[in-house]
Structure formats: C-alpha cells, structure tokens
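*Asks:* Supplied in structure tokens, the structure appears directly below.
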Number of protein chains: 2
Amino acid sequence: MRTRGGGVRTGWTMFLGAAILTAVSIAPPAQAQLNPDPLPSWNEGAAKRAILDFVRMTTDITNPQFVKPEERVAVFDQDGTTWVEQPIYTQVLFALERVAALAKADPKIQGVEPFKTVLAGDKAAIAKLTVPDLEKILAATHTGMTVEVFRQIAGDWIAKARHPRWNQLYTDLTYQPMLEVMKHLRDNGYKTYFVTGGGQDFVRAYSERVYGIPPEQVVGSAADTQFGYDKDGNATLTKVPKVLLVDDKAGKPTGIHLMIGRRPVVAFGNSAGDQQMLEYTQAGGGARLMMLLHHDDDAREYAYGAQSKIGTFPDSLMAEATTRGWSVISMKNDWKRMFAFEP
Amino acid sequence: MRTRGGGVRTGWTMFLGAAILTAVSIAPPAQAQLNPDPLPSWNEGAAKRAILDFVRMTTDITNPQFVKPEERVAVFDQDGTTWVEQPIYTQVLFALERVAALAKADPKIQGVEPFKTVLAGDKAAIAKLTVPDLEKILAATHTGMTVEVFRQIAGDWIAKARHPRWNQLYTDLTYQPMLEVMKHLRDNGYKTYFVTGGGQDFVRAYSERVYGIPPEQVVGSAADTQFGYDKDGNATLTKVPKVLLVDDKAGKPTGIHLMIGRRPVVAFGNSAGDQQMLEYTQAGGGARLMMLLHHDDDAREYAYGAQSKIGTFPDSLMAEATTRGWSVISMKNDWKRMFAFEP
C-alpha cells in the first residue's frame, strides 16, 4: 500500500500511519458526516434557526443560557402539532368506530341515541351531535374495561386506521419536521413529553412506538380508575366515567405540574388550547422556546390558522405570539417535507 | 519481560500478551472490587437475598425472568418505608409549625380554631384535633401560594427541621438500607418512584436531593392548581384547596396509572395503605418483587408492626403477605445499620 509520502510500510506502523493520515485529511468531512443537519425537513429560516440556536445555547455549559440536564423538559401538544387533526380528531373517529363493536356485543344499544345516529353513519347527523352526546359515546367506548384491555383495543385500532385523504395510517400522518425536532431535543438531553387535550390512555397506546415518547411522559385528559379484583383475587384497575383532568387550555399547566412537577423550557402548540401552556413555559424566565405551528398549507395539508373560518388559532393568538415573542412556524414556508412517506 | 512461555517478545505482541495475561490472571479480584456488596447495611438473610436475586434475574437477558429496561419501574411508599414516620408524619409537623408563620402574617387567625389550639402548643389537645380540623390546617398551610413559593417554603423548613429523639434532621432519618436498595435498582436500570400518601408537592421539595428521586417521579396526594397571571401578565399556578388525588390505599394504583402509566414490577411498602399497590404490582404476572417493611425494632427505631397496638400494619396484612408470598423485612433482624449517621 502506498501512503501519500510514497513510502511502503508494513504492519502496525502502516496501520497507525494510515489511521493518522485518515484522521488528519478527512477530519472536517467526517465531522460533518457525524453531525449532519438534524432538521433536514425544515427550510432555512427563522423557525429552524430558533430551534437550532436554542438547543445549542442551552446545552453549552459556557453559555449564559445553559439549562441543567435535569431541567430540560420539552412539552408538545399532539393533535395539529405533531400529527394531522383534520377533518376530525383521530380519537373521536376511534370512539365513533368503536360504537359498532359495542353494538355487536350489546345489540340493545342499536336503537338508543346517540349510538343509533352513529351506527346509521349519516355524517351530517353525526356532525350535529351535542357535547353531552359525545360524552356518552366517549364514556361507552373509553370506560368499563381494565386499563390493559383499553390499551389493547386502542393499539389494535390505531395499527390499522387510515386517513381517507392520503390513504395512509394515522400514525404515518405525523409531521416529519416535528419528529426531527423531538429527536434533536432528545439527542441533546431533553425529555420530550406530550401534553395533550386527548385522552392520556389513548395516546399511550402508540406514543412510544410512533413518537418515542413512553407512557410515563404522556400527560393528557384522564378519567378516574377504580381498583378491584378479578375472580381469582388478582388486582385490577378499571376505567370509570369520572373525569380526573381535562388537559386543555388552563388545564395544561395543571397537568404539567401534576405529572411532571417542573416548568418546561420548551413548548410547542398549534391552537388556543395551547396558549396557557406556552405562557406558563415562558413565565419561568431564562432560556425558553415557545413555538406555535400555523396551519397555512392547504395544498399539502390544511389551512385553518389565523384568519380562516374553521380555525382554533384565533387572530388574538397570532397577536399574542407577536407581543410575547413566540416563534410561529409556517407549515407552508418552513417545512420542506411534511410526511415521511413523501419522496 | 518474560511471558509464561518463557519467550522474550517486544512491541505490540508483548503488550497484547501482557494485556491478555493481566486479564486472565487478575480478572476475578478486579471484578469483585468493581462489584462490592450493593447492600452493605443488610444482614444476610431471605430479604436481602430476595432483592439481590430479583435484580440479578431481571437484568440478565438470558434469564426467563428478564424484564425489559423500559418496564423496570420500582415504586416506594415514603413514610415508614424510606424514613421514620413516628411519632408523627413529618408533613403534619410541617403543617403545625407553619401555623405560627401564618399567625405572624395574619394575627386574626390567632383566636380562630383550630389554629388557636395549634398555637397554644398543647400536645394533648393537638392530638385530639379532628380530621376536618386537620384539613383546615392543611388547606391554610398548603394552598393559596404559587407552586414555586410552596416548594421554597417546604424546602426551607425541611432543611432545618430535626427529630427530637435523635436530634437529627428528618432528611437524615432515611433508612440507609432502603437508600441502598434504591441505588442498587437504579444502577441496574430501574426507575425509582415514590408513591406516597403524603403531599406530592411537599415530597418534591426534597426528594431529588435526599433520595435521588426527581420531581417527575414523585406520585403523591395532590391538590388542584389554578392558572392565572401576576400583575405583570406572567402566567402563574396557584395551589387551591380542592383535592385531585388521595394517593393512599386504592388511590395508589390509580395514582400509578395516572402518572406512570405502567404497572410496576417492584413495590416496597410498610402499611395497610400500601396493600393495594403491592397487589396491583403482583397482578402483572411474571417477575415481581413485593416487600413489606415490618417495624419491629423498638430499640433502634419503633415497634408498631403486626400485633402492636398502634399499628398501621394489621395482622391481616401479615397474613396476606404469607398467602401471596410477599417478602417481609424485619428491621430488627434484616438491617445491620439503620441510619447513615450511625457508626
């Protein structure tokens, strides 16, 4: 083998020489290869820069913005922030589809409202169901079984359910740029949590597999559970229709304190339901990153942000983002690629 | 240098030969030094063996009892299980002592019961306070301030409060054998959680410093919190006198599911308040470790276990431990050393 110098060497010396030469000559590209862009699905711009700068500063012990590893808590809303929430929340669809299974097991409910309307499949009528109707459907489909049985039911359903627009699994309609942000944060010592208005037990059925977020890092709306025993005297925990926590709006900071007990330093949301979580995160002072995802891309996803009619992102939220200095992510402009299945 | 074979070698070959010889000849003692007894404060016996065997089996991937790292959840009761709970719960003492601070800030309460009785310091009268009296005291001392202010107050108090019997800080009245168990579990990939009937926010004020258990791993009784804003428009979270969770007895499995979302594989308790937590842990099947600490050492601590008059450890619990095969730890016989401050 010929080295650069042209001399022929053998054995360990040659090996070492080659290793040193390799290290010297290709170090910069090797380094770059070891640290590629952690956010490849993001376009260059203020949003991407805000994330990268924040992570770099808060993990550099010489930087005044340094955050101690144990304080690195990042919270994420789920619906509309890390996966598609239009035209209907995935969990509501789950509840509606579960009614058929319930009716099979217990034919009596076929003639009882609101189940009758759901079973008839009339979308216009279903869209008109009242909140008490939906509560009845949620109670019937989400309680009365052990926590393990519920997780199995939800996990089995989500493993197959597909979104009609893309004909893709709901779990593949996660935003690739957000998965990259979560991973980049975790790679830098942040613990990533869901803080979702959705049901805690529903999200736990897939969050670890789909997002890398384990059950103990899912904060969500929660029903109470009832301790008891099965026929063999083994302890059981059964889901009951009594609300413990509504993890939305002002309930989000309460859920964060109850289940995490630390104020987050990073918060991502996309709607008025996340406003208080972002405010609570920011009020901790010091280095904080608050980001709002704005749905403004009708071509690749949906546009229901500020100034749209169906929005849960009122103009007042956009105004608050400006006043408080939160970063707004434009899906249209900031995201190069939306879903992993896209080329 | 001479190798075993007697030949003289140089360079890399000799170095490698020496390294291999070293590895072969001194491996066992080096290994032993790297792995000293992880439970030095325990006497040899069934309890110590149960812990060591369980950890060894569940972390050995070739063992049928192997537990995946993410499932390694160990839960601990606090009062009476990891520190002294006699003659009065530390947190109740905190509440009683805080009444004086409240009376200083608001002299009106000096004449109002039950505060008047507490301020008079008559131990017999204080011992007779009713549950509603105690609830008033808990509400007055534990709510009305932000979660940060409360943590500061509790942390400041616990940093100085001493137990009269030993004249030691309460935080030094942690059981050394239990600290060793917690560390041994963590060293083997277990996450250690408190599941305490005590107030979650109180325990969080010192759990990381004293036990190595961070705030997000403290499951405890919890009051609700109210979101709001301070005069500068910064978000705040204020403790309010509305119970969210009573984390005792059947409430412990509920708290575990709410805040951890996994069934533990290890549970330590010391009273009837821990019965359901132990049952729930065991009912998961597979490798499980349920241990009950029995206070039977009047000389070194207290004896208030089974067959004692003041016990929260009824004879029925001892009978259940036998039936279900839970390990009972005798403080008197199983613990060589009780506290770290002892010689």
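Identifiers in the structure tokens: chain A, B, ... in order shown; residue index from 1 per chain; ligand index from 1 in order shown.
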Just need the residues of chain B within 8 Å of chain A, counting only C-alpha atoms, so spit them out as a PyMOL selection string.

*Replies:* chain B and resi 201+204+215-217+219+222+224-227+234-237+244+250-251+253-254+258-262+276+279-280+283

*Asks:* Find the residues near B:Ser308: any atom within 12 Å, counting only C-alpha atoms, skip ones fewer than 3 places away on the same chain, and give them as a PDB file with C-alpha atoms, in the first residue's frame.

*Replies:*
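Below is the file around38.pdb, written as the result:
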ATOM      1  CA  HIS B 294     -42.081  -4.516  59.371  1.00  0.00           C
ATOM      2  CA  HIS B 295     -41.338  -2.085  62.215  1.00  0.00           C
ATOM      3  CA  ASP B 296     -40.265  -4.448  64.987  1.00  0.00           C
ATOM      4  CA  ASP B 297     -37.232  -2.685  66.414  1.00  0.00           C
ATOM      5  CA  ASP B 298     -38.130  -0.646  69.474  1.00  0.00           C
ATOM      6  CA  TYR B 302     -40.019   1.847  66.777  1.00  0.00           C
ATOM      7  CA  ALA B 303     -42.061  -1.327  67.019  1.00  0.00           C
ATOM      8  CA  TYR B 304     -45.529  -0.745  65.697  1.00  0.00           C
ATOM      9  CA  GLY B 305     -45.999  -3.613  63.322  1.00  0.00           C
ATOM     10  CA  GLY B 311     -50.009  -0.382  64.200  1.00  0.00           C
ATOM     11  CA  THR B 312     -50.967   0.526  60.674  1.00  0.00           C
ATOM     12  CA  PHE B 313     -49.726  -2.963  59.855  1.00  0.00           C
ATOM     13  CA  PRO B 314     -52.643  -5.176  60.886  1.00  0.00           C
ATOM     14  CA  ASP B 315     -52.244  -8.890  61.424  1.00  0.00           C
TER      15      ASP B 315
END

*Asks:* Could you name the residues that touch stretch 331-341 of chain B at 8 Å or less, counting only C-alpha atoms, but leaving out those on the same chain fewer than 6 positions away, as a ChimeraX atom specification?

*Replies:* /B:41-45,47-48,172-177,293-297,300

*Asks:* When DSSP works through the backbone of this structure, what residues of stretch 15-159 of chain B end up as helix (DSSP H, G or I), shown as a PyMOL selection string?

*Replies:* chain B and resi 15-34+46-58+69-71+90-105+107-111+115-120+123-127+131-142+147-158

*Asks:* Atom CA of B:Asp122 and atom CA of B:Phe150 are how many Å apart?

*Replies:*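 Separation of atom CA of B:Asp122 and atom CA of B:Phe150: 26.8 Å.
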
*Asks:* Quick one: everything within 9 Å of stretch 95-106 of chain A, counting only C-alpha atoms, minus sequence neighbours fewer than 4 positions away in the same chain. Send it as a list in words.

*Replies:*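 Once the nearby chain positions are removed, what remains is Thr90, Gln91, Gln110, Phe115, Val118, Leu119, Leu134, Ile137, Leu138, Ala140, Thr141, His142 and Trp157 of chain A.
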
*Asks:* Create the file for the chosen residues now, containing C-alpha atoms and written as an mmCIF file, in the first residue's frame.

*Replies:*
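Result saved to selection-v4.cif:
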data_model
loop_
_atom_site.group_PDB
_atom_site.id
_atom_site.type_symbol
_atom_site.label_atom_id
_atom_site.label_comp_id
_atom_site.auth_asym_id
_atom_site.auth_seq_id
_atom_site.Cartn_x
_atom_site.Cartn_y
_atom_site.Cartn_z
ATOM 1 C CA THR A 90 -58.272 10.687 15.440
ATOM 2 C CA GLN A 91 -59.546 9.765 18.885
ATOM 3 C CA GLN A 110 -78.574 -0.143 18.378
ATOM 4 C CA PHE A 115 -75.489 5.372 19.264
ATOM 5 C CA VAL A 118 -73.538 6.964 14.880
ATOM 6 C CA LEU A 119 -74.430 3.481 13.626
ATOM 7 C CA LEU A 134 -70.215 12.893 22.572
ATOM 8 C CA ILE A 137 -70.059 7.985 23.295
ATOM 9 C CA LEU A 138 -66.711 8.617 24.983
ATOM 10 C CA ALA A 140 -69.274 3.987 26.447
ATOM 11 C CA THR A 141 -66.134 3.448 24.383
ATOM 12 C CA HIS A 142 -63.457 4.521 26.868
ATOM 13 C CA TRP A 157 -57.369 0.107 16.163
#
